[in-house]
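Asks: Input: one structure, supplied below.
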Amino acid sequence: MIIDYCEQEIVEGKVQLHIGLQFEDEPDSLYVAELAVDDEGVVTEWKLFFNGFDCKYTFRPDEKEACIHYAAEQGITIS
């Protein structure tokens with residue numbers, strides 16, 4: 001998994017994180033992981049979007065860890 005960017009925004013009073021990524025087996029496809037984060041920085045929901053459509057994807061533990069690590073490198077602490 002190649003992570004490209006990380007943005008944090010507040011939508012309807014709730015923190016969301018958007019992480020742009022690619023999978024090695026699909027190098028020409030750009031995806032966006034959308035993470036819902038509670039007030040303590042805990043991710044309560046993980047979603048993956050492609051062209052605005054929910055992929056109904058289940059993130060593997062190593063993929064979640066990579067996203068959490070990347071966010072931390074960008075100054076965003078989540079767990």
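Starting from 1 in every chain, residues are counted up; chains themselves are A, B, ... following the order of the structure tokens, and ligands are numbered from 1 as listed.
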Excluding Glu40 (chain A) and its own-chain neighbours fewer than 6 positions away, which residues fall within 10 Å of it when counting only C-alpha atoms? Please give them as a list of chain:residue names.

Replies: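 With the cut-off at 10 Å, the set is A:Thr77, A:Ile78, A:Ser79.
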
Asks: Next, dump the selected residues to file, keeping only N, CA, C and O atoms, as a PDB file, in the first residue's frame.

Replies:
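The result, written out as part_37.pdb:
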ATOM      1  N   THR A  77      -2.471  12.452  15.540  1.00  0.00           N
ATOM      2  CA  THR A  77      -2.408  11.281  16.393  1.00  0.00           C
ATOM      3  C   THR A  77      -3.781  10.618  16.479  1.00  0.00           C
ATOM      4  O   THR A  77      -4.741  11.238  16.938  1.00  0.00           O
ATOM      5  N   ILE A  78      -3.854   9.376  16.014  1.00  0.00           N
ATOM      6  CA  ILE A  78      -5.089   8.584  16.088  1.00  0.00           C
ATOM      7  C   ILE A  78      -4.714   7.181  16.537  1.00  0.00           C
ATOM      8  O   ILE A  78      -3.547   6.795  16.526  1.00  0.00           O
ATOM      9  N   SER A  79      -5.704   6.424  16.936  1.00  0.00           N
ATOM     10  CA  SER A  79      -5.448   5.031  17.321  1.00  0.00           C
ATOM     11  C   SER A  79      -6.626   4.159  16.932  1.00  0.00           C
ATOM     12  O   SER A  79      -7.663   4.638  16.572  1.00  0.00           O
TER      13      SER A  79
END

Asks: Need to verify the contact set: Phe23 (chain A), 9 Å, only C-alpha atoms, exclusion of same-chain residues closer than 6 positions in sequence. Can you return it as a PyMOL selection string?

Replies: chain A and resi 1-3+29-31

Asks: For the selection just defined, write its residues with N, CA, C and O atoms to a file, as a PDB file, in the first residue's frame.

Replies:
ATOM      1  N   MET A   1       0.855  -1.163   0.000  1.00  0.00           N
ATOM      2  CA  MET A   1       0.000   0.000   0.000  1.00  0.00           C
ATOM      3  C   MET A   1       0.910   1.237   0.000  1.00  0.00           C
ATOM      4  O   MET A   1       1.838   1.338   0.794  1.00  0.00           O
ATOM      5  N   ILE A   2       0.615   2.162  -0.904  1.00  0.00           N
ATOM      6  CA  ILE A   2       1.362   3.404  -1.015  1.00  0.00           C
ATOM      7  C   ILE A   2       0.434   4.542  -0.590  1.00  0.00           C
ATOM      8  O   ILE A   2      -0.630   4.719  -1.176  1.00  0.00           O
ATOM      9  N   ILE A   3       0.853   5.282   0.428  1.00  0.00           N
ATOM     10  CA  ILE A   3       0.031   6.379   0.928  1.00  0.00           C
ATOM     11  C   ILE A   3       0.548   7.691   0.356  1.00  0.00           C
ATOM     12  O   ILE A   3       1.743   7.967   0.369  1.00  0.00           O
ATOM     13  N   SER A  29      -4.806   3.033  -9.861  1.00  0.00           N
ATOM     14  CA  SER A  29      -6.071   3.352  -9.193  1.00  0.00           C
ATOM     15  C   SER A  29      -5.805   4.093  -7.885  1.00  0.00           C
ATOM     16  O   SER A  29      -5.028   3.643  -7.049  1.00  0.00           O
ATOM     17  N   LEU A  30      -6.465   5.229  -7.744  1.00  0.00           N
ATOM     18  CA  LEU A  30      -6.316   6.032  -6.535  1.00  0.00           C
ATOM     19  C   LEU A  30      -7.543   5.850  -5.649  1.00  0.00           C
ATOM     20  O   LEU A  30      -8.671   5.998  -6.103  1.00  0.00           O
ATOM     21  N   TYR A  31      -7.316   5.553  -4.398  1.00  0.00           N
ATOM     22  CA  TYR A  31      -8.376   5.329  -3.422  1.00  0.00           C
ATOM     23  C   TYR A  31      -8.278   6.373  -2.321  1.00  0.00           C
ATOM     24  O   TYR A  31      -7.226   6.977  -2.112  1.00  0.00           O
TER      25      TYR A  31
END

Asks: So, with only C-alpha atoms as the atoms that count, which of A:Leu21, A:Pro27, A:Lys56, A:Glu34 lies closest to Glu9 (chain A)?

Replies: A:Glu34

Asks: Per residue of region 1-33 of chain A within 9 Å of region 62-71 of chain A, note the shortest atom pair and the distance in Å to one decimal, counting only C-alpha atoms, and order the rows by chain and increasing residue number, as CSV.

Replies:
residue,atom,partner,partner_atom,distance
A:Met1,CA,A:Glu63,CA,7.4
A:Ile3,CA,A:Tyr70,CA,7.6
A:Tyr5,CA,A:Tyr70,CA,8.6
A:Cys6,CA,A:Ala71,CA,6.4
A:Glu7,CA,A:Ala71,CA,8.7
A:Leu17,CA,A:Ala71,CA,8.7
A:Ile19,CA,A:Cys67,CA,7.4
A:Ala33,CA,A:Cys67,CA,8.7

Asks: What does the distance from CA of Glu26 (chain A) to CA of Asp54 (chain A) come to in Å, to one decimal?

Replies: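 Between CA of Glu26 (chain A) and CA of Asp54 (chain A) the gap is 17.0 Å.
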
Asks: Could you find all residues in region 13-65 of chain A that DSSP calls helix (DSSP H, G or I) from the backbone, and write them as a list in words?

Replies: Pro61, Asp62, Glu63, Lys64 and Glu65 of chain A

Asks: Using only C-alpha atoms, which of A:Arg60, A:Leu35, A:Glu45, A:Gln74 sits nearest Asp4 (chain A)?

Replies: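 Closest to Asp4 (chain A) of all the choices is A:Gln74.
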
Asks: When you count only C-alpha atoms, which of these residues is closest to Lys47 (chain A): A:Val15, A:Ala72, A:Val32, A:Ile10?

Replies: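 Answer, going by the shortest atom-to-atom distance: A:Val32.
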
Asks: Which residues in chain A does DSSP call strand (DSSP E)? List them as a PyMOL selection string.

Replies: chain A and resi 2-11+14-23+26-37+43-50+53-54
